[in-house]
Each structure stands twice: as C-alpha cells, then as structure tokens.
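Chemist: Structure file data.cif, mmCIF, C-alpha atoms, is pasted below:
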```
data_model
loop_
_atom_site.group_PDB
_atom_site.id
_atom_site.type_symbol
_atom_site.label_atom_id
_atom_site.label_comp_id
_atom_site.auth_asym_id
_atom_site.auth_seq_id
_atom_site.Cartn_x
_atom_site.Cartn_y
_atom_site.Cartn_z
ATOM 1 C CA MET A 1 43.827 -2.227 80.454
ATOM 2 C CA GLU A 2 46.426 -1.491 77.787
ATOM 3 C CA SER A 3 46.087 -1.335 74.005
ATOM 4 C CA ASP A 4 48.699 -2.228 71.402
ATOM 5 C CA GLU A 5 51.332 0.389 70.784
ATOM 6 C CA ARG A 6 51.043 2.400 67.608
ATOM 7 C CA CYS A 7 53.538 4.672 65.956
ATOM 8 C CA ILE A 8 52.026 7.888 64.567
ATOM 9 C CA THR A 9 53.862 10.512 62.549
ATOM 10 C CA ILE A 10 52.500 14.019 63.113
ATOM 11 C CA LEU A 11 53.856 16.729 60.852
ATOM 12 C CA VAL A 12 53.951 20.115 62.560
ATOM 13 C CA GLY A 13 55.682 23.136 61.119
ATOM 14 C CA SER A 14 58.449 21.721 58.943
ATOM 15 C CA ASN A 15 57.614 19.826 55.782
ATOM 16 C CA ASN A 16 59.393 16.509 55.193
ATOM 17 C CA THR A 17 57.925 15.942 51.737
ATOM 18 C CA PRO A 18 60.891 14.823 49.592
ATOM 19 C CA LYS A 19 61.226 17.051 46.545
ATOM 20 C CA PRO A 20 63.431 16.074 43.586
ATOM 21 C CA ILE A 21 66.340 18.378 42.822
ATOM 22 C CA LEU A 22 66.266 18.492 39.034
ATOM 23 C CA SER A 23 69.725 20.009 38.799
ATOM 24 C CA SER A 24 71.112 16.841 40.439
ATOM 25 C CA ARG A 25 69.875 14.465 37.732
ATOM 26 C CA ALA A 26 72.629 12.421 36.173
ATOM 27 C CA PRO A 27 73.810 11.709 33.630
ATOM 28 C CA VAL A 28 72.606 14.832 31.860
ATOM 29 C CA ILE A 29 73.539 13.251 28.523
ATOM 30 C CA PRO A 30 73.764 9.443 28.807
ATOM 31 C CA THR A 31 76.070 7.480 26.548
ATOM 32 C CA LEU A 32 75.863 3.901 25.335
ATOM 33 C CA SER A 33 78.843 1.567 25.554
ATOM 34 C CA TRP A 34 79.744 -1.298 23.266
ATOM 35 C CA PRO A 35 78.198 -3.835 22.893
ATOM 36 C CA TRP A 36 75.100 -1.620 22.703
ATOM 37 C CA GLY A 37 72.598 -4.465 22.928
ATOM 38 C CA PHE A 38 73.795 -5.446 26.397
ATOM 39 C CA GLY A 39 74.365 -3.746 29.709
ATOM 40 C CA TYR A 40 72.614 -0.824 31.354
ATOM 41 C CA VAL A 41 72.691 2.943 31.639
ATOM 42 C CA ASP A 42 72.687 4.140 35.260
ATOM 43 C CA PHE A 43 70.620 7.192 36.248
ATOM 44 C CA ASN A 44 70.162 8.971 39.561
ATOM 45 C CA ILE A 45 68.443 11.978 41.058
ATOM 46 C CA THR A 46 68.770 13.463 44.545
ATOM 47 C CA PHE A 47 65.945 14.638 46.817
ATOM 48 C CA ASP A 48 66.009 17.342 49.468
ATOM 49 C CA GLN A 49 64.743 14.955 52.169
ATOM 50 C CA GLN A 50 65.510 11.362 53.031
ATOM 51 C CA ILE A 51 63.513 8.863 50.995
ATOM 52 C CA LYS A 52 62.407 5.245 50.910
ATOM 53 C CA ARG A 53 60.429 3.013 48.587
ATOM 54 C CA PRO A 54 56.632 3.362 48.524
ATOM 55 C CA ARG A 55 54.389 0.527 49.676
ATOM 56 C CA HIS A 56 52.343 0.684 46.465
ATOM 57 C CA SER A 57 53.486 0.462 42.856
ATOM 58 C CA LYS A 58 54.652 3.756 41.380
ATOM 59 C CA PHE A 59 56.623 4.127 38.208
ATOM 60 C CA ILE A 60 59.562 5.766 36.497
ATOM 61 C CA GLN A 61 58.701 6.153 32.803
ATOM 62 C CA ILE A 62 61.123 6.338 29.890
ATOM 63 C CA ILE A 63 59.514 8.253 27.033
ATOM 64 C CA LEU A 64 60.663 8.390 23.422
ATOM 65 C CA GLU A 65 59.196 10.950 21.022
ATOM 66 C CA GLY A 66 56.183 11.387 23.301
ATOM 67 C CA HIS A 67 55.450 7.694 23.888
ATOM 68 C CA VAL A 68 56.073 5.686 27.069
ATOM 69 C CA ILE A 69 58.362 2.827 26.071
ATOM 70 C CA TYR A 70 59.620 1.492 29.404
ATOM 71 C CA LYS A 71 58.560 1.509 33.054
ATOM 72 C CA LEU A 72 60.293 0.721 36.330
ATOM 73 C CA ASP A 73 58.294 -0.030 39.479
ATOM 74 C CA THR A 74 59.930 1.901 42.310
ATOM 75 C CA ARG A 75 58.251 -0.348 44.867
ATOM 76 C CA SER A 76 59.670 -3.668 43.740
ATOM 77 C CA SER A 77 62.108 -3.465 40.827
ATOM 78 C CA SER A 78 65.630 -4.672 41.516
ATOM 79 C CA ASP A 79 66.791 -2.055 38.986
ATOM 80 C CA VAL A 80 65.700 0.704 41.383
ATOM 81 C CA THR A 81 67.672 1.408 44.553
ATOM 82 C CA ILE A 82 68.078 4.135 47.137
ATOM 83 C CA ASN A 83 71.625 5.106 48.004
ATOM 84 C CA GLN A 84 72.111 4.009 51.598
ATOM 85 C CA ALA A 85 74.661 6.764 52.235
ATOM 86 C CA GLY A 86 72.278 9.490 53.326
ATOM 87 C CA LEU A 87 69.061 8.021 51.849
ATOM 88 C CA LEU A 88 68.735 11.025 49.544
ATOM 89 C CA THR A 89 69.444 9.620 46.078
ATOM 90 C CA LEU A 90 67.177 7.507 43.892
ATOM 91 C CA GLN A 91 69.178 5.300 41.530
ATOM 92 C CA PHE A 92 67.829 3.265 38.612
ATOM 93 C CA ARG A 93 69.179 1.547 35.539
ATOM 94 C CA VAL A 94 67.754 1.117 32.059
ATOM 95 C CA PRO A 95 68.809 -1.568 29.540
ATOM 96 C CA GLN A 96 70.883 -0.072 26.738
ATOM 97 C CA VAL A 97 68.655 -1.725 24.158
ATOM 98 C CA VAL A 98 65.773 0.486 25.357
ATOM 99 C CA LEU A 99 67.812 3.559 24.424
ATOM 100 C CA SER A 100 69.255 2.188 21.193
ATOM 101 C CA MET A 101 66.912 4.032 18.803
ATOM 102 C CA GLN A 102 67.963 7.603 18.053
ATOM 103 C CA GLY A 103 65.573 10.243 19.328
ATOM 104 C CA ASN A 104 64.569 12.648 22.044
ATOM 105 C CA TYR A 105 63.968 10.866 25.348
ATOM 106 C CA SER A 106 62.489 12.085 28.594
ATOM 107 C CA ILE A 107 62.078 10.630 32.071
ATOM 108 C CA THR A 108 59.060 11.161 34.308
ATOM 109 C CA LEU A 109 58.304 10.000 37.850
ATOM 110 C CA ASP A 110 54.879 9.287 39.314
ATOM 111 C CA ARG A 111 53.732 11.188 42.366
ATOM 112 C CA GLY A 112 54.852 9.069 45.290
ATOM 113 C CA ALA A 113 57.612 7.319 43.321
ATOM 114 C CA VAL A 114 59.433 7.658 46.621
ATOM 115 C CA VAL A 115 58.143 8.717 50.014
ATOM 116 C CA GLY A 116 59.578 10.520 53.001
ATOM 117 C CA LEU A 117 60.662 8.698 56.113
ATOM 118 C CA GLY A 118 57.557 8.046 58.157
ATOM 119 C CA CYS A 119 57.169 5.606 60.997
ATOM 120 C CA SER A 120 55.748 2.162 60.233
ATOM 121 C CA SER A 121 53.877 3.448 57.176
ATOM 122 C CA ASP A 122 54.757 5.655 54.243
ATOM 123 C CA GLY A 123 55.837 9.212 54.824
ATOM 124 C CA PRO A 124 54.579 11.984 52.550
ATOM 125 C CA PRO A 125 54.747 11.167 48.808
ATOM 126 C CA SER A 126 57.210 12.913 46.538
ATOM 127 C CA PRO A 127 55.697 15.235 43.937
ATOM 128 C CA ALA A 128 55.599 13.964 40.385
ATOM 129 C CA ILE A 129 58.046 14.886 37.658
ATOM 130 C CA SER A 130 55.241 14.935 35.126
ATOM 131 C CA SER A 131 56.509 17.404 32.556
ATOM 132 C CA ARG A 132 58.175 15.709 29.610
ATOM 133 C CA GLU A 133 60.385 18.779 29.311
ATOM 134 C CA SER A 134 61.972 18.523 32.771
ATOM 135 C CA TRP A 135 64.352 15.599 32.227
ATOM 136 C CA THR A 136 65.256 15.240 28.557
ATOM 137 C CA PHE A 137 68.194 14.009 26.521
ATOM 138 C CA ASP A 138 69.107 12.756 23.057
ATOM 139 C CA VAL A 139 70.693 9.355 22.699
ATOM 140 C CA GLY A 140 70.688 6.313 20.432
ATOM 141 C CA VAL A 141 72.823 4.545 17.869
ATOM 142 C CA CYS A 142 70.166 3.246 15.446
ATOM 143 C CA ALA A 143 68.017 5.159 12.969
ATOM 144 C CA LYS A 144 64.349 5.620 13.792
ATOM 145 C CA GLY A 145 62.440 2.465 13.053
ATOM 146 C CA THR A 146 65.436 0.256 13.903
ATOM 147 C CA PHE A 147 66.839 -1.121 17.125
ATOM 148 C CA ILE A 148 69.691 -3.206 18.486
ATOM 149 C CA ASP A 149 68.666 -6.840 18.610
ATOM 150 C CA HIS A 150 70.090 -9.089 21.342
ATOM 151 C CA SER A 151 70.845 -11.732 18.721
ATOM 152 C CA SER A 152 73.205 -9.471 16.775
ATOM 153 C CA TYR A 153 75.212 -6.282 17.006
ATOM 154 C CA ASN A 154 73.310 -4.688 14.132
ATOM 155 C CA CYS A 155 70.468 -2.194 13.938
ATOM 156 C CA ASN A 156 67.499 -4.262 12.756
ATOM 157 C CA ASP A 157 64.215 -3.137 11.266
ATOM 158 C CA VAL A 158 60.843 -4.288 12.537
ATOM 159 C CA ASP A 159 59.481 -7.727 11.754
ATOM 160 C CA GLU A 160 55.919 -6.742 10.903
ATOM 161 C CA CYS A 161 54.872 -10.394 10.789
ATOM 162 C CA SER A 162 55.751 -11.080 14.411
ATOM 163 C CA ASN A 163 52.952 -11.388 16.936
ATOM 164 C CA PRO A 164 53.017 -9.023 18.660
ATOM 165 C CA PRO A 165 55.100 -6.962 16.208
ATOM 166 C CA SER A 166 58.657 -6.622 17.394
ATOM 167 C CA ILE A 167 59.333 -2.915 16.878
ATOM 168 C CA LEU A 168 58.236 0.126 14.951
ATOM 169 C CA SER A 169 58.023 0.040 11.236
ATOM 170 C CA ARG A 170 59.293 2.876 9.084
ATOM 171 C CA LYS A 171 56.728 1.941 6.431
ATOM 172 C CA LYS A 172 52.980 1.742 5.998
ATOM 173 C CA ARG A 173 51.856 2.243 9.583
ATOM 174 C CA SER A 174 52.190 5.284 11.759
ATOM 175 C CA HIS A 175 53.043 3.306 14.889
ATOM 176 C CA TRP A 176 54.219 -0.137 15.829
ATOM 177 C CA TYR A 177 55.003 -1.614 19.171
ATOM 178 C CA TRP A 178 58.133 -3.462 20.120
ATOM 179 C CA TYR A 179 57.372 -6.142 22.667
ATOM 180 C CA TYR A 180 60.456 -6.976 24.673
ATOM 181 C CA GLY A 181 60.125 -9.532 27.438
ATOM 182 C CA TYR A 182 62.718 -9.957 30.127
ATOM 183 C CA TYR A 183 62.887 -11.064 33.726
ATOM 184 C CA SER A 184 63.811 -9.076 36.790
ATOM 185 C CA SER A 185 63.925 -9.874 40.452
ATOM 186 C CA SER A 186 61.659 -8.253 43.005
ATOM 187 C CA SER A 187 60.385 -8.860 46.498
ATOM 188 C CA GLN A 188 57.967 -11.352 44.915
ATOM 189 C CA GLY A 189 60.794 -13.302 43.260
ATOM 190 C CA ILE A 190 61.553 -13.529 39.560
ATOM 191 C CA ILE A 191 58.823 -11.781 37.597
ATOM 192 C CA PRO A 192 58.306 -11.094 33.885
ATOM 193 C CA SER A 193 58.478 -7.499 32.731
ATOM 194 C CA VAL A 194 57.559 -5.910 29.432
ATOM 195 C CA TYR A 195 58.127 -2.717 27.589
ATOM 196 C CA TYR A 196 56.676 -1.360 24.394
ATOM 197 C CA LEU A 197 58.739 0.799 22.083
ATOM 198 C CA VAL A 198 56.734 3.238 20.018
ATOM 199 C CA VAL A 199 58.050 5.810 17.576
ATOM 200 C CA SER A 200 56.553 7.743 14.689
ATOM 201 C CA SER A 201 57.370 6.122 11.390
ATOM 202 C CA PHE A 202 58.594 7.497 8.110
ATOM 203 C CA SER A 203 56.514 7.543 4.960
#
```
Rewrite the structure of this file - the entire thing - as structure tokens.
Modeler:
Amino acid sequence: MESDERCITILVGSNNTPKPILSSRAPVIPTLSWPWGFGYVDFNITFDQQIKRPRHSKFIQIILEGHVIYKLDTRSSSDVTINQAGLLTLQFRVPQVVLSMQGNYSITLDRGAVVGLGCSSDGPPSPAISSRESWTFDVGVCAKGTFIDHSSYNCNDVDECSNPPSILSRKKRSHWYWYYGYYSSSSQGIIPSVYYLVVSSFS
C-alpha cells in the first residue's frame, strides 16, 4: 500500500530565511519625472537568500509624515515583481502622484512580504522592515496640503466637499484623507485598489 508523495522541507544547520539588505535599497533618493501626475517610480531591494511571493497577502507600505498612504500586496499586485535573474531582488513601483506632496517618506515591509524558497509551500518568511527610520527619503513637487491631480498638471488643494474628501486640507482640520481609486491586475484579474493620503495640516 502506497500513500501520496509529499514534499517536506527540513531546515537543518543553515538558515535560508531571506533577510533584506538595507544598503541595497534603490533609489536612495527617488526623483519624479514630468509629467508628475503620470508614470511610476521604481524601487527595489535585494535579499541575502532567494525569494518568492508569499501565499497570503502581505504588504509594502508607503508612509508620509507618519501616516500610511499607499499599500502594495506582495502576493498579488502586478506592480510587485521578483527579478528572475537570481531571485534575490524584490522590485515594486509606486505611482508618481502618490509621491507628489512634499514631505518625508518611508517604506516598510510586513514580515513575510517575501518568503524563502521552500518546496510546494512557503519557505521561511522574511523579517519585517518595521522601523520608519530604516528606509526614508524626501521627495515631492507640491506643497503640503496639495497634490498633482490627474486632470491637470497643477498642484491642487483639497476639495473638502467631496465624499470622501479628496486630499488633505491645509485649513480647519488636522487631517484629511485623499481617496484615490485605480485598477491593477492581479492573479484574480482586474481589481480595484485604493490609497489614502494623510498629512498634517497647517493652521
């Protein structure tokens, strides 16, 4: 009597947990190209072990002035890839409009944003980049409280009457949220995605 074959990964001695190499992150200082309201900024970071996508949703977060404004699902987003030459580098792209407001940005990665090469299931999860001080940069072309609108090439202020409000106000309220809907492809087909832009306002 024979049972079905199973593939089991047993880790003995060496550790194949993929650890991010922070010194490899690029670009260190991203730049925006004209027209600022269109296109993407490409980022990448290399790991010390071969990697693949996780089987469950994990996220890359873009943070502005301490607030998460944008997320990428490393499991399914078409804007996240793994360089096939060596399987060591995680690549992702962020719409320029997300980075259009001037400020201090940081990038964090969930624990298990990528995993090591296992057998039929996930290998060991990568550790998180949870500190908002590890991957930081300053970028942006619009003053705080303004953003590049897709409908123009100008820096526009918030429309406080929109529902939900379209971006942060520089007046009256301490925080506003910019709802930006777009569509991206994933293994489940075309899906809607959302980000919220939040920045401290001016009095």
Chemist: Put a box with edges along x, y and z around all the listed atoms of range 122-129 of chain A, pad it by 8 Å on each side, then give me its centre and sizes in Å, one decimal, as AutoDock Vina command-line options.
Modeler:
```
--center_x 56.3 --center_y 10.4 --center_z 46.2 --size_x 19.5 --size_y 25.6 --size_z 33.2
```
Chemist: Taking 3 positions as the minimum chain separation for residues in the same chain, which residues sit within 9 Å of Pro95 in chain A when counting all atoms listed in the file? Answer as a list of chain:residue names.
Modeler: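 That gives A:Gly37, A:Phe38, A:Gly39, A:Tyr40, A:Val41, A:Asp42, A:Val98, A:Leu99.
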Chemist: Going by the chain IDs and residue numbers used in this file, which residues fall under the PyMOL selection byres ((chain A and resi 114) around 6)? Write them as a PyMOL selection string.
Modeler: chain A and resi 52-54+112-113+115+126
Chemist: What is the CA of Leu109 in chain A to CA of Val141 in chain A distance in Å?
Modeler: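 Taking CA of Leu109 in chain A as the start and CA of Val141 in chain A as the end point, the length is 25.3 Å.
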Chemist: Taking all atoms listed in the file into account, name the residue in A:Ile148, A:Val97, A:Leu22, A:Ile107 that is nearest to Arg132 in chain A.
Modeler: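 Looking at the shortest contact to Arg132 in chain A, the residue is A:Ile107.
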Chemist: Quick one: residues within 10 Å of Ala26 in chain A, all atoms listed in the file counted, chain neighbours fewer than 6 positions away excluded, as a list in words?
Modeler: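 After dropping sequence-adjacent residues, the list is Asp42, Phe43, Asn44, Ile45, Thr46, Gln91 and Trp135 of chain A.
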Chemist: As an exercise, work out the distance from CA of Cys142 in chain A to CA of Leu32 in chain A in Å and give it to one decimal place.
Modeler: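 Result for CA of Cys142 in chain A versus CA of Leu32 in chain A: 11.4 Å, one decimal.
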Chemist: Would you kindly return, as a list in words, each protein, DNA or RNA residue with an atom no farther than 12 Å from any atom of Asn154 in chain A, considering all atoms listed in the file and excluding same-chain residues fewer than 2 positions away?
Modeler: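 Result of the neighbour search: Trp34, Pro35, Trp36, Gly37, Val97, Ser100, Met101, Val141, Cys142, Ala143, Thr146, Phe147, Ile148, Asp149, His150, Ser151, Ser152, Asn156 and Asp157 of chain A.
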